[in-house]
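Text of run_36.txt, listed as compact mmCIF, C-alpha atoms:
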# COMPACT_ATOMS: atom_id res chain seq x y z
CA MET A 98 -48.66 8.65 -0.21
CA SER A 99 -47.05 5.34 0.79
CA LEU A 100 -45.69 4.56 4.20
CA SER A 101 -41.96 4.32 4.70
CA PRO A 102 -40.59 0.80 5.30
CA GLU A 103 -39.90 1.66 8.94
CA LYS A 104 -43.43 2.91 9.56
CA GLY A 105 -44.84 -0.07 7.74
CA GLN A 106 -42.93 -2.42 10.00
CA GLN A 107 -44.16 -0.56 13.08
CA SER A 108 -47.78 -0.83 11.88
CA THR A 109 -47.34 -4.53 11.18
CA ALA A 110 -45.83 -5.07 14.65
CA LEU A 111 -48.69 -3.14 16.23
CA PHE A 112 -51.33 -5.29 14.55
CA ALA A 113 -49.34 -8.39 15.47
CA ASN A 114 -49.45 -7.33 19.13
CA TYR A 115 -53.21 -6.91 19.04
CA GLU A 116 -53.61 -10.23 17.23
CA ARG A 117 -51.51 -11.92 19.91
CA LEU A 118 -53.56 -10.25 22.60
CA LEU A 119 -56.89 -11.33 21.11
CA ASN A 120 -55.65 -14.92 20.82
CA ASP A 121 -54.51 -15.08 24.43
CA LYS A 122 -57.05 -16.78 26.70
CA LEU A 123 -55.48 -15.11 29.74
CA PHE A 124 -56.46 -11.70 28.36
CA TYR A 125 -60.13 -12.68 28.35
CA LYS A 126 -59.74 -14.20 31.81
CA ALA A 127 -58.22 -10.95 33.10
CA ALA A 128 -60.92 -8.85 31.39
CA PHE A 129 -63.69 -11.02 32.87
CA ASN A 130 -62.15 -10.89 36.35
CA THR A 131 -61.74 -7.11 36.09
CA ALA A 132 -65.37 -6.61 35.06
CA LYS A 133 -66.60 -8.97 37.79
CA TYR A 134 -64.42 -7.30 40.40
CA ALA A 135 -65.63 -3.83 39.37
CA LEU A 136 -69.29 -4.87 39.36
CA LEU A 137 -69.16 -6.58 42.77
CA SER A 138 -67.24 -3.67 44.29
CA ILE A 139 -69.66 -1.05 42.98
CA LEU A 140 -72.78 -3.02 43.93
CA THR A 141 -71.42 -3.40 47.46
CA ILE A 142 -69.78 -0.03 48.12
CA ILE A 143 -72.45 2.32 46.73
CA PRO A 144 -75.46 0.94 48.71
CA LEU A 145 -73.34 0.48 51.85
CA SER A 146 -71.93 4.01 51.63
CA LEU A 147 -75.36 5.48 50.96
CA THR A 148 -76.75 3.72 54.04
CA LEU A 149 -73.83 4.85 56.20
CA ALA A 150 -74.15 8.43 54.94
CA PHE A 151 -77.84 8.42 55.86
CA LEU A 152 -77.11 7.07 59.35
CA LEU A 153 -74.30 9.58 59.89
CA SER A 154 -76.58 12.43 58.87
CA LEU A 155 -78.83 11.52 61.81
CA LEU A 156 -76.00 11.86 64.35
CA SER A 157 -74.86 14.98 66.16
CA LYS A 158 -72.07 16.95 64.49
CA ARG A 159 -69.38 15.74 66.91
CA LEU A 160 -70.26 12.06 66.51
CA ARG A 161 -70.60 12.55 62.77
CA TYR A 162 -67.07 13.98 62.45
CA ILE A 163 -65.53 11.24 64.61
CA SER A 164 -67.35 8.46 62.76
CA SER A 165 -66.43 9.92 59.37
CA PHE A 166 -62.74 10.07 60.33
CA ILE A 167 -62.78 6.42 61.47
CA LEU A 168 -64.37 5.37 58.18
CA LEU A 169 -61.72 7.32 56.24
CA LEU A 170 -58.74 5.66 57.94
CA PRO A 171 -58.48 2.61 55.63
CA GLY A 172 -58.49 4.85 52.55
CA LEU A 173 -55.68 7.01 53.96
CA LEU A 174 -53.31 4.05 54.15
CA PRO A 175 -51.01 3.36 51.18
CA PRO A 176 -52.36 0.44 49.11
CA ILE A 177 -49.34 -1.75 49.83
CA VAL A 178 -49.76 -1.25 53.62
CA LEU A 179 -53.44 -2.07 53.25
CA ALA A 180 -52.55 -5.24 51.35
CA ILE A 181 -50.09 -6.35 54.05
CA LEU A 182 -52.78 -5.85 56.69
CA PHE A 183 -55.17 -7.90 54.60
CA MET A 184 -52.53 -10.60 54.22
CA ASN A 185 -52.61 -10.98 58.01
CA VAL A 186 -56.41 -11.11 57.90
CA PHE A 187 -56.76 -13.67 55.10
CA HIS A 188 -53.55 -15.66 55.38
CA GLY A 189 -54.31 -19.35 55.95
CA ARG A 190 -55.45 -20.94 59.17
CA GLU A 191 -53.71 -18.33 61.33
CA GLY A 192 -55.41 -15.43 59.59
CA LEU A 193 -57.64 -13.18 61.67
CA LEU A 194 -60.74 -14.02 59.62
CA ASN A 195 -60.42 -17.76 60.26
CA GLN A 196 -59.45 -17.33 63.91
CA VAL A 197 -62.38 -15.05 64.75
CA PHE A 198 -65.23 -15.96 62.39
CA ILE A 199 -64.62 -19.51 61.14
CA LEU A 200 -62.78 -21.78 63.58
CA PRO A 201 -64.67 -20.78 66.78
CA PHE A 202 -67.88 -22.12 65.19
CA GLY A 203 -66.35 -25.50 64.43
CA GLU A 204 -66.02 -24.89 60.69
CA ARG A 205 -63.02 -25.77 58.57
CA ALA A 206 -60.52 -22.99 57.90
CA VAL A 207 -60.97 -21.25 54.56
CA ASN A 208 -57.94 -20.79 52.30
CA TRP A 209 -58.93 -17.27 51.30
CA MET A 210 -55.86 -16.58 49.15
CA SER A 211 -55.43 -20.11 47.75
CA ASP A 212 -58.95 -21.28 47.00
CA PRO A 213 -60.09 -19.92 43.59
CA ASN A 214 -63.63 -19.58 44.93
CA TYR A 215 -62.55 -17.03 47.55
CA ILE A 216 -59.73 -15.08 45.89
CA LEU A 217 -61.89 -12.56 44.03
CA PRO A 218 -64.30 -12.05 46.97
CA SER A 219 -61.23 -11.33 49.12
CA MET A 220 -60.16 -8.63 46.68
CA VAL A 221 -63.67 -7.17 46.73
CA ILE A 222 -63.63 -7.06 50.54
CA GLN A 223 -60.31 -5.23 50.34
CA SER A 224 -61.82 -2.68 47.97
CA VAL A 225 -64.90 -2.25 50.19
CA TRP A 226 -62.76 -1.64 53.25
CA ARG A 227 -60.57 0.86 51.41
CA TRP A 228 -63.14 2.98 49.58
CA THR A 229 -66.36 2.85 51.61
CA GLY A 230 -65.22 5.69 53.86
CA PHE A 231 -64.39 8.04 51.00
CA VAL A 232 -67.61 7.34 49.11
CA THR A 233 -69.58 7.76 52.34
CA LEU A 234 -67.97 11.16 52.88
CA PHE A 235 -68.87 12.28 49.33
CA LEU A 236 -72.47 11.19 49.75
CA LEU A 237 -72.72 12.69 53.24
CA CYS A 238 -71.59 16.05 51.88
CA GLY A 239 -74.26 15.74 49.19
CA LEU A 240 -76.96 14.93 51.74
CA GLU A 241 -75.98 17.91 53.88
CA ALA A 242 -76.15 20.18 50.82
CA ILE A 243 -79.86 19.45 50.33
CA PRO A 244 -81.83 22.44 51.71
CA ARG A 245 -83.28 21.73 55.13
CA SER A 246 -86.45 23.60 54.18
CA VAL A 247 -87.30 20.87 51.66
CA LYS A 248 -86.98 18.12 54.27
CA GLU A 249 -88.81 20.16 56.89
CA ALA A 250 -91.70 20.66 54.48
CA ALA A 251 -91.83 16.90 53.90
CA ARG A 252 -91.90 16.26 57.66
CA LEU A 253 -94.80 18.70 58.06
CA GLU A 254 -96.65 16.64 55.45
CA GLY A 255 -96.15 13.58 57.65
CA ALA A 256 -93.21 11.96 55.87
CA GLY A 257 -90.86 9.87 57.99
CA GLU A 258 -87.06 9.84 57.79
CA PHE A 259 -86.95 6.78 55.53
CA LEU A 260 -89.49 8.25 53.10
CA ILE A 261 -87.53 11.52 53.00
CA PHE A 262 -84.34 9.56 52.34
CA ARG A 263 -85.92 7.58 49.51
CA SER A 264 -87.90 10.38 47.86
CA ILE A 265 -85.75 13.46 48.45
CA GLU A 266 -82.21 12.63 49.53
CA ILE A 267 -81.38 9.81 47.11
CA PRO A 268 -82.52 11.83 44.05
CA GLY A 269 -80.61 14.80 45.50
CA VAL A 270 -77.29 12.93 45.48
CA LYS A 271 -77.83 11.00 42.24
CA HIS A 272 -75.09 13.01 40.51
CA LEU A 273 -72.65 12.01 43.27
CA ILE A 274 -73.67 8.36 42.94
CA ILE A 275 -72.81 8.53 39.23
CA PHE A 276 -69.46 10.16 40.02
CA CYS A 277 -68.58 7.56 42.68
CA THR A 278 -69.57 4.73 40.34
CA ALA A 279 -67.27 6.10 37.63
CA PHE A 280 -64.47 6.61 40.16
CA LEU A 281 -64.70 3.02 41.45
CA PHE A 282 -64.81 1.62 37.93
CA ILE A 283 -61.73 3.55 36.84
CA ASP A 284 -59.93 2.55 40.07
CA THR A 285 -60.37 -1.08 38.97
CA PHE A 286 -57.97 -0.45 36.09
CA SER A 287 -55.35 1.15 38.35
CA LEU A 288 -55.46 -1.40 41.19
CA PHE A 289 -51.96 -2.85 41.42
CA ALA A 290 -50.15 -2.61 44.77
CA GLY A 291 -52.95 -4.25 46.72
CA SER A 292 -53.59 -7.17 44.38
CA PHE A 293 -49.87 -7.66 43.65
CA THR A 294 -48.99 -7.89 47.35
CA LEU A 295 -51.81 -10.35 47.98
CA LEU A 296 -51.44 -12.53 44.88
CA GLY A 297 -48.24 -11.63 43.05
CA PRO A 298 -48.17 -11.33 39.24
CA SER A 299 -49.78 -14.74 38.72
CA GLY A 300 -53.23 -13.70 39.89
CA GLY A 301 -53.46 -16.53 42.39
CA THR A 302 -54.59 -20.11 41.94
CA ALA A 303 -56.07 -20.78 38.50
CA ASN A 304 -55.63 -17.04 37.78
CA ALA A 305 -58.78 -16.43 39.81
CA GLY A 306 -57.56 -12.97 40.85
CA LEU A 307 -55.84 -11.97 37.61
CA ILE A 308 -56.98 -8.50 36.55
CA ILE A 309 -55.95 -6.30 33.64
CA VAL A 310 -53.21 -4.31 35.40
CA ASN A 311 -51.53 -7.49 36.70
CA TYR A 312 -51.86 -9.06 33.26
CA ALA A 313 -50.06 -6.08 31.72
CA TYR A 314 -47.34 -6.24 34.38
CA ARG A 315 -46.56 -9.86 33.50
CA PHE A 316 -45.22 -8.73 30.13
CA THR A 317 -42.84 -6.23 31.73
CA ARG A 318 -41.20 -9.07 33.67
CA PHE A 319 -40.01 -10.43 30.32
CA GLN A 320 -39.24 -6.93 28.99
CA GLU A 321 -42.11 -7.11 26.50
CA TYR A 322 -43.00 -3.49 27.05
CA ASN A 323 -44.72 -3.25 23.68
CA MET A 324 -47.25 -5.89 24.74
CA ALA A 325 -47.75 -4.22 28.13
CA ALA A 326 -48.51 -0.96 26.30
CA THR A 327 -50.88 -2.82 23.97
CA VAL A 328 -52.85 -4.16 26.93
CA CYS A 329 -53.14 -0.66 28.40
CA LEU A 330 -54.27 0.79 25.06
CA ALA A 331 -56.85 -1.97 24.70
CA THR A 332 -58.56 -0.74 27.88
CA LEU A 333 -58.66 2.85 26.65
CA PRO A 334 -61.92 2.53 24.62
CA VAL A 335 -63.72 1.13 27.68
CA LEU A 336 -62.57 4.04 29.85
CA MET A 337 -63.46 6.55 27.12
CA LEU A 338 -66.93 5.04 26.79
CA LEU A 339 -67.47 5.25 30.54
CA THR A 340 -66.28 8.86 30.61
CA GLY A 341 -68.58 9.67 27.70
CA LEU A 342 -71.59 8.13 29.44
CA PHE A 343 -70.71 10.02 32.60
CA CYS A 344 -70.53 13.32 30.70
CA ILE A 345 -73.86 12.61 29.00
CA LYS A 346 -75.51 12.01 32.37
CA ARG A 347 -74.05 15.23 33.71
CA LYS A 348 -75.26 17.17 30.67
CA GLU A 349 -78.78 15.79 31.03
CA LYS A 350 -78.88 17.10 34.59

Rewrite the structure of this file - the entire thing - as structure tokens.
Amino acid sequence: MSLSPEKGQQSTALFANYERLLNDKLFYKAAFNTAKYALLSILTIIPLSLTLAFLLSLLSKRLRYISSFILLLPGLLPPIVLAILFMNVFHGREGLLNQVFILPFGERAVNWMSDPNYILPSMVIQSVWRWTGFVTLFLLCGLEAIPRSVKEAARLEGAGEFLIFRSIEIPGVKHLIIFCTAFLFIDTFSLFAGSFTLLGPSGGTANAGLIIVNYAYRFTRFQEYNMAATVCLATLPVLMLLTGLFCIKRKEK
């Protein structure tokens, strides 16, 4: 059964879109930046949140609730508000980061949002500030779900708090660590308001902060919605693979 001329033209156009995408160096730049951003965010947020969750579990209930709420505040803000706050932190010589941590020590001001060497780290810091509280809360709930009798038995055997954390609590929340890792990775592909407010559609100097979602948005500015859709579909296999690996891990447990 042969395709109709109209369907044949649509198939040809679809392949032409993918061919154009694969020949665009900016696509590979955006994909590399996205992978780097996701990796740096995950490698920073997961250990930091796990450490904070452990420290919070040692506090009294009242202090634990207050501290958890403070950590959650950045994540409760809309992404665009968070980006505007970060603009005031990173913006040029007058930014809070330069005024507090750089200039008082006699160092030269850092152009956080103009220097290609600092653009992606700035985005990672934004992600860490936004999501550390939520991930900490997830892991804290997991730590509190571990039966106290198991930890008490370990203490009677002479195990200290750090040994209990390493040998009992970390394995006990491994499923939550996998979930949070998947969540942070998927969030990388939906990050838009924050990076757009900080960098605009260009991705900053030398496209140092260009990620997949901003790359797709650039096509919509010229009403090339078919190419924007092609970019989004190109990321689908990666997300499906991640979801599949996540499900396999869950099934093994």

Mind checking which residues fall within 10 Å of Ala251 (chain A), counting all atoms listed in the file, ignoring those fewer than 6 positions away in the same chain, and posting them as a PyMOL selection string?
chain A and resi 245+257-258+260-261+264-265

When you look at Met220 (chain A) with a cut-off of 8 Å (counting only C-alpha atoms), what residues show up, excluding the ones that are within fewer than 4 positions of it in the same chain? I need them as number ranges by chain.
A: 134, 216, 224, 292, 306

Surrounding residues of Cys238 (chain A) excluding itself and chain neighbours under 6 positions, 10 Å, all atoms listed in the file, as a list in words
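Near Cys238 (chain A), the qualifying residues are Ala150, Ser154, Val232, Val270 and Leu273 of chain A.
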
Set out as JSON lines a contact list for region 237-347 of chain A and region 111-116 of chain A with a cut-off of 12 Å, giving each residue of region 237-347 of chain A that qualifies its closest atom pair and distance in Å to one decimal, counting only C-alpha atoms, ordered by chain and rising residue number.
{"residue": "A:Phe316", "atom": "CA", "partner": "A:Asn114", "partner_atom": "CA", "distance": 11.9}
{"residue": "A:Glu321", "atom": "CA", "partner": "A:Asn114", "partner_atom": "CA", "distance": 10.4}
{"residue": "A:Tyr322", "atom": "CA", "partner": "A:Asn114", "partner_atom": "CA", "distance": 10.9}
{"residue": "A:Asn323", "atom": "CA", "partner": "A:Asn114", "partner_atom": "CA", "distance": 7.7}
{"residue": "A:Met324", "atom": "CA", "partner": "A:Asn114", "partner_atom": "CA", "distance": 6.2}
{"residue": "A:Ala325", "atom": "CA", "partner": "A:Asn114", "partner_atom": "CA", "distance": 9.7}
{"residue": "A:Ala326", "atom": "CA", "partner": "A:Asn114", "partner_atom": "CA", "distance": 9.6}
{"residue": "A:Thr327", "atom": "CA", "partner": "A:Asn114", "partner_atom": "CA", "distance": 6.8}
{"residue": "A:Val328", "atom": "CA", "partner": "A:Tyr115", "partner_atom": "CA", "distance": 8.4}
{"residue": "A:Cys329", "atom": "CA", "partner": "A:Tyr115", "partner_atom": "CA", "distance": 11.3}
{"residue": "A:Leu330", "atom": "CA", "partner": "A:Tyr115", "partner_atom": "CA", "distance": 9.8}
{"residue": "A:Ala331", "atom": "CA", "partner": "A:Tyr115", "partner_atom": "CA", "distance": 8.3}

List the residues sitting within 12 Å of (-52.1, -8.8, 58.6) in the file's frame, using all atoms listed in the file, as JSON, numbers by chain.
{"A": [177, 178, 179, 180, 181, 182, 183, 184, 185, 186, 187, 188, 189, 191, 192, 193, 194, 294, 295]}

Output the selection as a CSV table (one decimal), in the coordinates of the input - C-alpha atoms for each residue.
chain,number,residue,atom,x,y,z
A,177,ILE,CA,-49.3,-1.8,49.8
A,178,VAL,CA,-49.8,-1.2,53.6
A,179,LEU,CA,-53.4,-2.1,53.2
A,180,ALA,CA,-52.6,-5.2,51.4
A,181,ILE,CA,-50.1,-6.4,54.0
A,182,LEU,CA,-52.8,-5.8,56.7
A,183,PHE,CA,-55.2,-7.9,54.6
A,184,MET,CA,-52.5,-10.6,54.2
A,185,ASN,CA,-52.6,-11.0,58.0
A,186,VAL,CA,-56.4,-11.1,57.9
A,187,PHE,CA,-56.8,-13.7,55.1
A,188,HIS,CA,-53.6,-15.7,55.4
A,189,GLY,CA,-54.3,-19.4,56.0
A,191,GLU,CA,-53.7,-18.3,61.3
A,192,GLY,CA,-55.4,-15.4,59.6
A,193,LEU,CA,-57.6,-13.2,61.7
A,194,LEU,CA,-60.7,-14.0,59.6
A,294,THR,CA,-49.0,-7.9,47.4
A,295,LEU,CA,-51.8,-10.4,48.0

Which neighbours of region 136-142 of chain A fall inside 6 Å, counting all atoms listed in the file, when residues of the same chain fewer than 2 positions from it are skipped, and could you give them as an MDAnalysis selection string?
chainID A and resid 133:134 144:146 221 225 229

Minimum-distance residue to Asn208 (chain A), chosen among A:Asn311, A:Thr302, A:Thr285, A:Leu149 (using all atoms listed in the file):
A:Thr302

Write out as number ranges by chain which residues come within 6 Å of region 169-174 of chain A when counting all atoms listed in the file, dropping same-chain ones fewer than 6 positions away.
A: 227-228, 230-231

Please measure the separation of CA of Ile275 (chain A) and CA of Leu333 (chain A), giving the value in Å to one decimal.
19.8 Å

By how many Å are CA of Asn304 (chain A) and CA of Lys126 (chain A) apart?
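If I compute the distance from CA of Asn304 (chain A) to CA of Lys126 (chain A), I get 7.8 Å.
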
Coordinates of box centre and edge lengths for region 233-246 of chain A, 6 Å on every side, axis-aligned, as AutoDock Vina command-line options:
--center_x -77.2 --center_y 15.7 --center_z 52.2 --size_x 30.5 --size_y 27.8 --size_z 17.9

Gap from CA of Ala132 (chain A) to CA of Asp284 (chain A) - Å, one decimal:
11.8 Å

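When all atoms listed in the file are used to measure the gap to Phe276 (chain A), the shortest distance among A:Leu236, A:Ile199, A:Ala256, A:Ala303 belongs to A:Leu236.
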